[in-house]
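protein00.txt, holding compact mmCIF, C-alpha atoms:
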# COMPACT_ATOMS: atom_id res chain seq x y z
CA MET A 582 15.70 -41.24 26.32
CA ALA A 583 15.31 -40.73 22.57
CA THR A 584 16.72 -43.53 20.50
CA LEU A 585 18.95 -43.01 17.51
CA ARG A 586 16.06 -43.76 15.21
CA ASP A 587 13.79 -41.16 16.83
CA ILE A 588 16.43 -38.50 16.53
CA ARG A 589 17.08 -39.32 12.90
CA LYS A 590 13.38 -39.02 12.20
CA ARG A 591 13.26 -35.63 13.95
CA ILE A 592 16.19 -34.35 11.93
CA ARG A 593 14.55 -35.43 8.72
CA SER A 594 11.34 -33.65 9.61
CA VAL A 595 13.09 -30.45 10.69
CA ASN A 596 15.05 -30.62 7.48
CA ASN A 597 11.85 -30.74 5.47
CA THR A 598 10.44 -27.79 7.38
CA GLN A 599 13.59 -25.88 6.65
CA LYS A 600 13.27 -26.60 2.96
CA ILE A 601 9.78 -25.14 3.00
CA THR A 602 10.69 -22.03 4.96
CA LYS A 603 13.65 -21.46 2.71
CA ALA A 604 11.47 -21.74 -0.38
CA MET A 605 8.89 -19.39 1.12
CA LYS A 606 11.62 -16.91 1.90
CA MET A 607 12.87 -16.97 -1.68
CA VAL A 608 9.36 -16.55 -3.06
CA ALA A 609 8.70 -13.66 -0.69
CA ALA A 610 11.97 -12.03 -1.66
CA ALA A 611 11.13 -12.25 -5.34
CA LYS A 612 7.64 -10.88 -4.79
CA LEU A 613 9.00 -8.18 -2.53
CA ARG A 614 11.26 -6.90 -5.25
CA ARG A 615 8.36 -6.41 -7.62
CA ALA A 616 6.00 -5.06 -4.96
CA SER A 617 8.47 -2.52 -3.60
CA GLN A 618 9.17 -1.34 -7.12
CA ALA A 619 5.45 -0.77 -7.65
CA VAL A 620 5.33 1.25 -4.42
CA GLU A 621 8.28 3.41 -5.45
CA GLN A 622 6.67 4.07 -8.80
CA ALA A 623 3.26 4.93 -7.42
CA ARG A 624 4.47 7.30 -4.70
CA PRO A 625 5.42 10.29 -6.86
CA TYR A 626 2.02 10.17 -8.56
CA LEU A 627 0.17 10.47 -5.27
CA ARG A 628 2.60 13.12 -4.06
CA GLU A 629 1.91 15.34 -7.07
CA LEU A 630 -1.81 14.68 -6.82
CA GLU A 631 -1.77 15.62 -3.16
CA GLY A 632 0.13 18.82 -3.98
CA ILE A 633 -2.52 19.86 -6.48
CA VAL A 634 -5.36 19.01 -4.11
CA HIS A 635 -3.80 21.12 -1.37
CA ARG A 636 -3.31 24.06 -3.69
CA VAL A 637 -6.81 23.86 -5.12
CA LEU A 638 -8.81 23.12 -2.00
CA PRO A 639 -8.60 26.62 -0.46
CA PHE A 640 -10.49 27.91 -3.49
CA VAL A 641 -13.27 25.38 -3.38
CA GLU A 642 -13.92 25.08 0.31
CA GLU A 643 -17.20 26.94 0.26
CA ALA A 644 -18.48 24.73 -2.51
CA PRO A 645 -20.80 22.00 -1.34
CA TRP A 646 -18.41 19.09 -1.78
CA PRO A 647 -19.79 16.23 0.19
CA TRP A 648 -16.31 14.76 0.73
CA LEU A 649 -15.08 17.87 2.44
CA ARG A 650 -17.87 18.24 4.95
CA ASP A 651 -16.36 17.94 8.36
CA GLY A 652 -17.72 17.79 11.86
CA GLU A 653 -18.55 15.38 14.61
CA ALA A 654 -20.12 12.14 13.61
CA SER A 655 -21.62 9.29 15.56
CA ARG A 656 -20.33 6.56 13.29
CA ALA A 657 -16.97 5.57 11.96
CA VAL A 658 -15.65 2.95 9.61
CA VAL A 659 -12.16 1.51 9.76
CA ILE A 660 -10.69 -0.05 6.65
CA LEU A 661 -8.48 -2.80 8.00
CA VAL A 662 -5.89 -3.89 5.46
CA THR A 663 -4.35 -7.22 6.43
CA ALA A 664 -2.69 -10.07 4.58
CA ASP A 665 -4.52 -13.01 3.04
CA ARG A 666 -2.21 -15.51 4.63
CA GLY A 667 -0.23 -15.91 7.80
CA LEU A 668 3.39 -16.94 8.30
CA CYS A 669 4.51 -13.37 8.12
CA GLY A 670 5.55 -12.66 11.69
CA ALA A 671 3.67 -10.00 13.62
CA PHE A 672 2.31 -8.39 10.46
CA ASN A 673 -1.34 -9.22 11.05
CA GLY A 674 -1.16 -9.35 14.82
CA ASN A 675 0.04 -5.77 15.07
CA LEU A 676 -2.88 -4.63 12.95
CA PHE A 677 -5.37 -6.51 15.10
CA ARG A 678 -3.93 -5.10 18.28
CA LYS A 679 -3.98 -1.56 16.94
CA ALA A 680 -7.56 -2.00 15.69
CA MET A 681 -8.73 -3.16 19.11
CA ILE A 682 -6.88 -0.42 20.97
CA TRP A 683 -8.22 2.25 18.63
CA ARG A 684 -11.73 0.88 18.97
CA ALA A 685 -11.50 0.96 22.76
CA GLU A 686 -10.12 4.49 22.74
CA ASN A 687 -12.77 5.86 20.42
CA GLU A 688 -15.82 4.15 21.82
CA GLY A 689 -16.68 7.36 23.63
CA ARG A 690 -16.36 9.44 20.50
CA TYR A 691 -18.40 7.24 18.16
CA GLU A 692 -21.55 5.37 18.97
CA LYS A 693 -20.81 2.82 16.36
CA ILE A 694 -17.51 1.68 14.93
CA GLU A 695 -17.66 -0.65 11.98
CA PHE A 696 -15.07 -2.32 9.81
CA LEU A 697 -14.36 -2.97 6.20
CA ALA A 698 -11.82 -5.72 5.81
CA VAL A 699 -9.31 -6.18 3.04
CA GLY A 700 -7.46 -9.49 3.29
CA ARG A 701 -8.64 -12.86 4.60
CA LYS A 702 -6.85 -12.64 7.94
CA GLY A 703 -8.69 -9.47 8.85
CA ILE A 704 -12.02 -10.90 7.79
CA ASP A 705 -11.47 -13.99 9.93
CA PHE A 706 -10.38 -11.92 12.88
CA LEU A 707 -13.34 -9.56 12.78
CA LYS A 708 -15.81 -12.40 12.32
CA ARG A 709 -14.32 -14.26 15.26
CA ARG A 710 -14.76 -11.16 17.38
CA ASP A 711 -18.29 -10.67 16.10
CA LEU A 712 -17.53 -7.14 14.96
CA SER A 713 -19.68 -5.41 12.41
CA LEU A 714 -18.33 -5.88 8.88
CA LEU A 715 -19.55 -3.54 6.16
CA GLY A 716 -17.57 -5.14 3.41
CA GLN A 717 -14.97 -7.80 2.85
CA TYR A 718 -12.42 -8.13 0.12
CA PRO A 719 -10.43 -11.36 0.28
CA GLY A 720 -7.70 -12.09 -2.22
CA LEU A 721 -7.45 -8.51 -3.33
CA LEU A 722 -3.81 -8.02 -2.41
CA ALA A 723 -2.53 -10.86 -4.56
CA SER A 724 -2.81 -8.39 -7.44
CA PRO A 725 -3.45 -4.97 -5.93
CA SER A 726 -4.91 -3.38 -9.03
CA ARG A 727 -6.46 -0.03 -9.67
CA GLU A 728 -9.80 -1.67 -10.42
CA TRP A 729 -9.96 -2.92 -6.85
CA ALA A 730 -9.27 0.52 -5.49
CA LYS A 731 -12.14 1.78 -7.61
CA GLU A 732 -14.49 -0.92 -6.41
CA VAL A 733 -13.72 -0.35 -2.74
CA LEU A 734 -13.94 3.42 -3.19
CA ASP A 735 -17.34 3.12 -4.87
CA ARG A 736 -18.57 1.07 -1.95
CA LEU A 737 -17.15 3.59 0.53
CA LEU A 738 -18.70 6.57 -1.20
CA GLU A 739 -22.01 4.75 -1.29
CA LEU A 740 -21.78 4.21 2.47
CA TYR A 741 -20.57 7.77 2.94
CA GLN A 742 -23.40 9.30 0.99
CA GLY A 743 -25.88 7.06 2.78
CA GLY A 744 -24.62 8.49 6.06
CA GLU A 745 -23.39 5.09 7.19
CA ALA A 746 -19.75 6.08 7.11
CA PRO A 747 -19.34 9.78 7.88
CA HIS A 748 -15.80 9.19 9.10
CA VAL A 749 -13.55 6.67 7.42
CA TYR A 750 -10.13 5.61 8.64
CA LEU A 751 -7.43 3.50 7.07
CA LEU A 752 -5.39 1.05 9.11
CA TYR A 753 -2.54 -0.60 7.25
CA ASN A 754 1.18 -1.27 7.15
CA GLU A 755 3.31 1.26 5.37
CA PHE A 756 6.32 -0.07 3.52
CA VAL A 757 9.52 1.45 4.86
CA SER A 758 12.12 -1.10 3.84
CA ALA A 759 12.36 -4.83 3.33
CA ILE A 760 12.73 -5.37 7.05
CA THR A 761 10.65 -2.50 8.40
CA GLN A 762 6.94 -1.82 8.19
CA ARG A 763 5.23 1.08 9.90
CA LEU A 764 1.71 0.80 11.22
CA GLN A 765 -0.44 3.62 9.88
CA MET A 766 -3.81 4.86 11.09
CA LYS A 767 -5.02 7.59 8.77
CA ARG A 768 -8.15 9.60 8.26
CA PHE A 769 -9.50 8.93 4.79
CA LEU A 770 -12.86 10.69 4.67
CA PRO A 771 -13.85 13.45 4.89
CA LEU A 772 -10.83 14.99 3.25
CA LEU A 773 -10.27 17.93 5.54
CA GLU A 774 -10.02 18.26 9.26
CA SER A 775 -11.59 21.57 10.21
CA SER A 776 -8.33 22.73 11.79
CA ALA A 777 -6.48 22.23 8.53
CA ARG A 778 -8.33 25.00 6.69
CA THR A 779 -5.88 27.28 5.01
CA THR A 780 -6.20 30.85 3.88
CA VAL A 781 -6.49 31.60 0.21
CA VAL A 782 -3.22 32.61 -1.41
CA GLY A 783 -2.67 33.66 -4.99
CA VAL A 784 -5.10 33.74 -7.85
CA ASP A 785 -7.89 31.26 -8.34
CA TYR A 786 -7.49 28.76 -11.13
CA LEU A 787 -9.19 28.73 -14.47
CA TYR A 788 -11.16 25.53 -14.69
CA GLU A 789 -11.94 23.46 -17.75
CA PRO A 790 -14.55 22.21 -18.47
CA ASP A 791 -15.80 23.85 -15.26
CA ARG A 792 -14.85 24.00 -11.62
CA ARG A 793 -17.31 21.39 -10.46
CA ALA A 794 -16.39 18.75 -13.02
CA VAL A 795 -12.64 19.08 -12.77
CA VAL A 796 -12.49 19.25 -8.97
CA GLN A 797 -14.83 16.32 -8.76
CA GLN A 798 -12.52 14.31 -10.95
CA LEU A 799 -9.44 15.52 -9.10
CA LEU A 800 -10.79 14.51 -5.69
CA HIS A 801 -12.07 11.20 -6.98
CA GLU A 802 -8.71 10.44 -8.51
CA TYR A 803 -7.00 11.48 -5.28
CA LEU A 804 -9.09 9.12 -3.15
CA GLU A 805 -8.70 6.26 -5.58
CA ALA A 806 -4.95 6.71 -5.93
CA GLN A 807 -4.67 6.86 -2.15
CA LEU A 808 -6.44 3.53 -1.75
CA HIS A 809 -4.39 2.01 -4.52
CA LEU A 810 -1.14 3.08 -2.89
CA VAL A 811 -2.34 1.62 0.40
CA TRP A 812 -2.84 -1.75 -1.29
CA LEU A 813 0.63 -1.55 -2.79
CA GLU A 814 2.21 -0.50 0.51
CA SER A 815 0.48 -3.27 2.37
CA ALA A 816 1.39 -5.93 -0.19
CA ALA A 817 5.04 -4.90 -0.18
CA SER A 818 5.09 -4.81 3.62
CA GLU A 819 3.56 -8.26 3.76
CA HIS A 820 6.21 -9.75 1.51
CA GLY A 821 8.90 -8.01 3.53
CA ALA A 822 7.47 -9.29 6.80
CA ARG A 823 7.16 -12.81 5.40
CA MET A 824 10.70 -12.77 4.10
CA THR A 825 12.03 -11.73 7.51
CA ALA A 826 9.89 -14.26 9.34
CA MET A 827 10.88 -17.10 7.01
CA ASP A 828 14.52 -16.11 7.19
CA SER A 829 14.57 -16.41 10.96
CA ALA A 830 12.54 -19.63 10.77
CA THR A 831 15.15 -21.06 8.40
CA ARG A 832 17.90 -19.99 10.75
CA ASN A 833 16.12 -21.49 13.73
CA SER A 834 15.64 -24.84 12.05
CA GLY A 835 19.31 -24.80 11.09
CA GLU A 836 20.19 -24.37 14.73
CA MET A 837 17.79 -27.12 15.69
CA ILE A 838 19.32 -29.48 13.15
CA SER A 839 22.84 -28.94 14.46
CA ARG A 840 21.62 -29.47 18.03
CA LEU A 841 19.84 -32.67 17.03
CA THR A 842 22.85 -33.85 15.06
CA LEU A 843 25.01 -33.43 18.13
CA GLN A 844 22.47 -35.36 20.15
CA MET A 845 22.37 -38.07 17.52
CA ASN A 846 26.16 -38.44 17.45
CA ARG A 847 26.21 -38.67 21.20
CA ALA A 848 23.54 -41.37 21.16
CA ARG A 849 25.41 -43.30 18.49
CA GLN A 850 28.66 -43.05 20.40
CA ALA A 851 26.90 -44.26 23.52
CA ALA A 852 25.52 -47.25 21.63
CA ILE A 853 28.97 -48.13 20.30
CA THR A 854 30.51 -47.83 23.77
CA ARG A 855 27.80 -50.04 25.18
CA GLU A 856 28.42 -52.71 22.55
CA LEU A 857 32.18 -52.58 23.13
CA MET A 858 31.65 -52.95 26.83
CA ASP A 859 29.50 -56.01 26.22
CA ILE A 860 32.23 -57.61 24.11
CA VAL A 861 34.97 -56.78 26.58
CA ASN A 862 32.90 -58.05 29.47
CA GLY A 863 32.13 -61.24 27.56
CA ALA A 864 35.81 -61.80 26.82
CA GLU A 865 36.71 -61.11 30.45
CA ALA A 866 34.17 -63.67 31.60
CA LEU A 867 35.60 -66.41 29.35
CA ARG A 868 39.07 -66.07 30.81
CA MET B 1197 10.78 34.91 -25.31
CA ALA B 1198 12.48 31.76 -24.26
CA GLY B 1199 11.58 31.46 -20.61
CA LYS B 1200 11.62 27.94 -19.28
CA PHE B 1201 9.34 26.18 -16.86
CA LEU B 1202 9.22 22.73 -15.31
CA LEU B 1203 7.12 20.07 -16.96
CA LYS B 1204 6.25 16.98 -14.96
CA ILE B 1205 4.34 14.10 -16.43
CA VAL B 1206 3.57 11.51 -13.79
CA SER B 1207 1.58 8.31 -14.04
CA PRO B 1208 0.87 5.64 -11.40
CA GLN B 1209 3.74 3.72 -13.02
CA GLY B 1210 6.23 6.44 -12.23
CA VAL B 1211 7.60 9.76 -13.40
CA GLN B 1212 7.57 9.83 -17.21
CA VAL B 1213 8.90 13.32 -17.86
CA ASN B 1214 10.61 15.78 -15.52
CA GLU B 1215 12.43 18.54 -17.32
CA GLU B 1216 12.67 22.24 -18.07
CA VAL B 1217 10.77 23.05 -21.24
CA GLU B 1218 9.87 26.11 -23.29
CA SER B 1219 6.37 25.21 -24.37
CA VAL B 1220 3.79 22.47 -23.98
CA THR B 1221 0.69 21.58 -25.97
CA ALA B 1222 -1.81 19.20 -24.43
CA PRO B 1223 -5.34 17.92 -25.17
CA GLY B 1224 -7.56 19.61 -22.56
CA ALA B 1225 -11.21 18.96 -21.87
CA LEU B 1226 -12.28 21.80 -24.16
CA GLY B 1227 -9.61 21.31 -26.79
CA GLU B 1228 -5.90 21.69 -27.19
CA PHE B 1229 -4.19 24.24 -25.03
CA GLY B 1230 -0.69 25.65 -25.18
CA VAL B 1231 1.41 26.63 -22.20
CA LEU B 1232 4.32 29.04 -22.03
CA VAL B 1233 6.16 30.29 -18.96
CA GLY B 1234 4.06 32.62 -16.77
CA HIS B 1235 0.75 30.98 -17.62
CA THR B 1236 -2.17 31.83 -15.34
CA PRO B 1237 -3.17 29.08 -12.88
CA PHE B 1238 -5.20 26.57 -14.80
CA LEU B 1239 -6.78 23.24 -13.91
CA THR B 1240 -8.23 20.93 -16.49
CA THR B 1241 -8.99 17.34 -17.25
CA LEU B 1242 -7.08 15.76 -20.08
CA ARG B 1243 -8.47 13.74 -22.92
CA ALA B 1244 -6.66 10.98 -24.72
CA GLY B 1245 -4.22 12.41 -27.19
CA VAL B 1246 -0.69 13.59 -27.67
CA VAL B 1247 1.20 15.99 -25.44
CA SER B 1248 4.06 17.71 -27.20
CA TYR B 1249 6.69 19.95 -25.71
CA THR B 1250 9.81 21.74 -26.83
CA VAL B 1251 13.20 21.73 -25.18
CA GLY B 1252 15.42 24.15 -27.03
CA ALA B 1253 15.16 23.27 -30.70
CA GLU B 1254 14.02 19.77 -29.92
CA LYS B 1255 10.38 18.83 -30.08
CA LYS B 1256 9.14 15.76 -28.24
CA SER B 1257 5.75 14.13 -27.93
CA ILE B 1258 4.18 11.61 -25.67
CA ARG B 1259 0.85 9.86 -25.99
CA VAL B 1260 -1.48 10.12 -22.99
CA PRO B 1261 -4.70 8.23 -22.30
CA GLY B 1262 -6.25 11.05 -20.28
CA GLY B 1263 -5.86 12.55 -16.83
CA ILE B 1264 -5.64 15.85 -15.02
CA ALA B 1265 -3.37 18.82 -15.61
CA GLU B 1266 -2.39 21.67 -13.34
CA VAL B 1267 -0.61 24.67 -14.79
CA ARG B 1268 1.02 27.40 -12.76
CA ALA B 1269 3.44 30.18 -13.65
CA ARG B 1270 6.62 28.13 -13.44
CA GLU B 1271 5.35 24.59 -13.43
CA ALA B 1272 3.00 22.32 -15.34
CA ILE B 1273 2.01 18.99 -13.83
CA LEU B 1274 0.28 16.42 -15.99
CA LEU B 1275 -1.13 13.46 -14.12
CA ILE B 1276 -2.04 10.64 -16.40
CA THR B 1277 -4.13 7.70 -15.46
CA GLN B 1278 -2.28 4.95 -17.25
CA SER B 1279 1.17 4.12 -18.41
CA VAL B 1280 2.22 5.78 -21.64
CA LYS B 1281 4.29 5.02 -24.68
CA MET B 1282 6.69 7.45 -26.24
CA VAL B 1283 5.94 8.45 -29.83
CA PHE B 1284 8.03 10.68 -32.04
Show the structure stored in the file as structure tokens.
Amino acid sequence: MATLRDIRKRIRSVNNTQKITKAMKMVAAAKLRRASQAVEQARPYLRELEGIVHRVLPFVEEAPWPWLRDGEASRAVVILVTADRGLCGAFNGNLFRKAMIWRAENEGRYEKIEFLAVGRKGIDFLKRRDLSLLGQYPGLLASPSREWAKEVLDRLLELYQGGEAPHVYLLYNEFVSAITQRLQMKRFLPLLESSARTTVVGVDYLYEPDRRAVVQQLLHEYLEAQLHLVWLESAASEHGARMTAMDSATRNSGEMISRLTLQMNRARQAAITRELMDIVNGAEALR
Amino acid sequence: MAGKFLLKIVSPQGVQVNEEVESVTAPGALGEFGVLVGHTPFLTTLRAGVVSYTVGAEKKSIRVPGGIAEVRAREAILLITQSVKMVF
């Protein structure tokens, strides 16, 4: 049976753990506030951009835009956006599971499925599994900047133009609310599924400086903004997931402390009773 | 003719302007262009400069670092690549 001293030691250690989880929760909550604000601000921009792209695309479909070329491909690349650190509940685990399920489901469709990992956890996971990694970006989500979106996009387009990544998918957590994240698996490149072709309505645009230049810039901006928003969504989701996980960890250690305290009091009471009995017995014997 | 149309100026940092205006002037790729209601569909890149617009008798301007603009009959959307500062 645990002695009083052992129990006291346990309580102290659980107490320290609780202090840490509580601090982590507060930090996550503070970061979440900023990250979710960034998401809310960035969403309308992408929404408007998407609107323009959808209105313009019917007019430029015939043009030889490499990003619009659709069709079957033998290779695919999945951009796996995970966190850099753990202690955020099922955040990373859900992504891994989805990645593996998707890979198994699509092995018949693609000869080769490769990954591009954003976030240390994803990199570690893919390396452990010996899966093919085309690029790795650790530490990016600590400050999910536009420059990073540009860098990753440049790499992707390089792969895309080299024929190494004819189909690109995004796998990440979408930020719904502080306590909810939604797993998203989205087609990133090429831009259009062949079924989504729309008929031309209305008058064609006037383009300045010319159609090629402005559409090029529009599509590039669209892809970059999309990646950027994915970073922001993922970062906000991560903080939300960590806050929830640390909150329940704090609650659990609180429960544990009260259970241990009860146990400690019982042990102390038992010790006192034992001592009393010794004294009483001693006195009895002297009579 | 005082027809109004919707002007939206949106940057990755959020919606900067969202209101009914009478006219807009913006720095396009090939020079300044003006927009009134009923403009023909128009797509252009934006250079750094000042976008000004009128709401009633009031004239407002906003500095933009560049971006993309889409103009349609009843709506003008200016997407700008960075956050902007108001200037008057």
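Remark: residues at most 6 Å from position (-2.2, 13.3, -27.2) in file coordinates are B:Pro1223, B:Ala1244, B:Gly1245, B:Val1246, B:Val1247, B:Arg1259, B:Val1260, using all atoms listed in the file.
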Would you list which chain B residues are within 12 Å of chain A using only C-alpha atoms, as a PyMOL selection string? chain B and resi 1204-1214+1223-1229+1235-1243+1262-1269+1271-1279
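CA of Met607 in chain A to CA of Met824 in chain A spans 7.5 Å [interatomic distance, one decimal].
The spacing separating CA of Leu764 in chain A from CA of Asp665 in chain A amounts to 17.2 Å.
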Skip Ser617 in chain A itself and residues of its chain fewer than 5 positions away, then list as a list in words all residues within 12 Å of it, counting only C-alpha atoms. Ala609, Ala610, Ala611, Lys612, Gln622, Ala623, Arg624, Glu755, Phe756, Val757, Ser758, Ala759, Ile760, Gln762, Leu810, Trp812, Leu813, Glu814, Ser815, Ala816, Ala817, Ser818, Glu819, His820 and Gly821 of chain A
Please provide the set of residues having any atom within 9 Å of range 687-696 of chain A, restricted to all atoms listed in the file, with same-chain residues fewer than 6 positions apart removed, written as a PyMOL selection string. chain A and resi 653-661+707+712-717+746
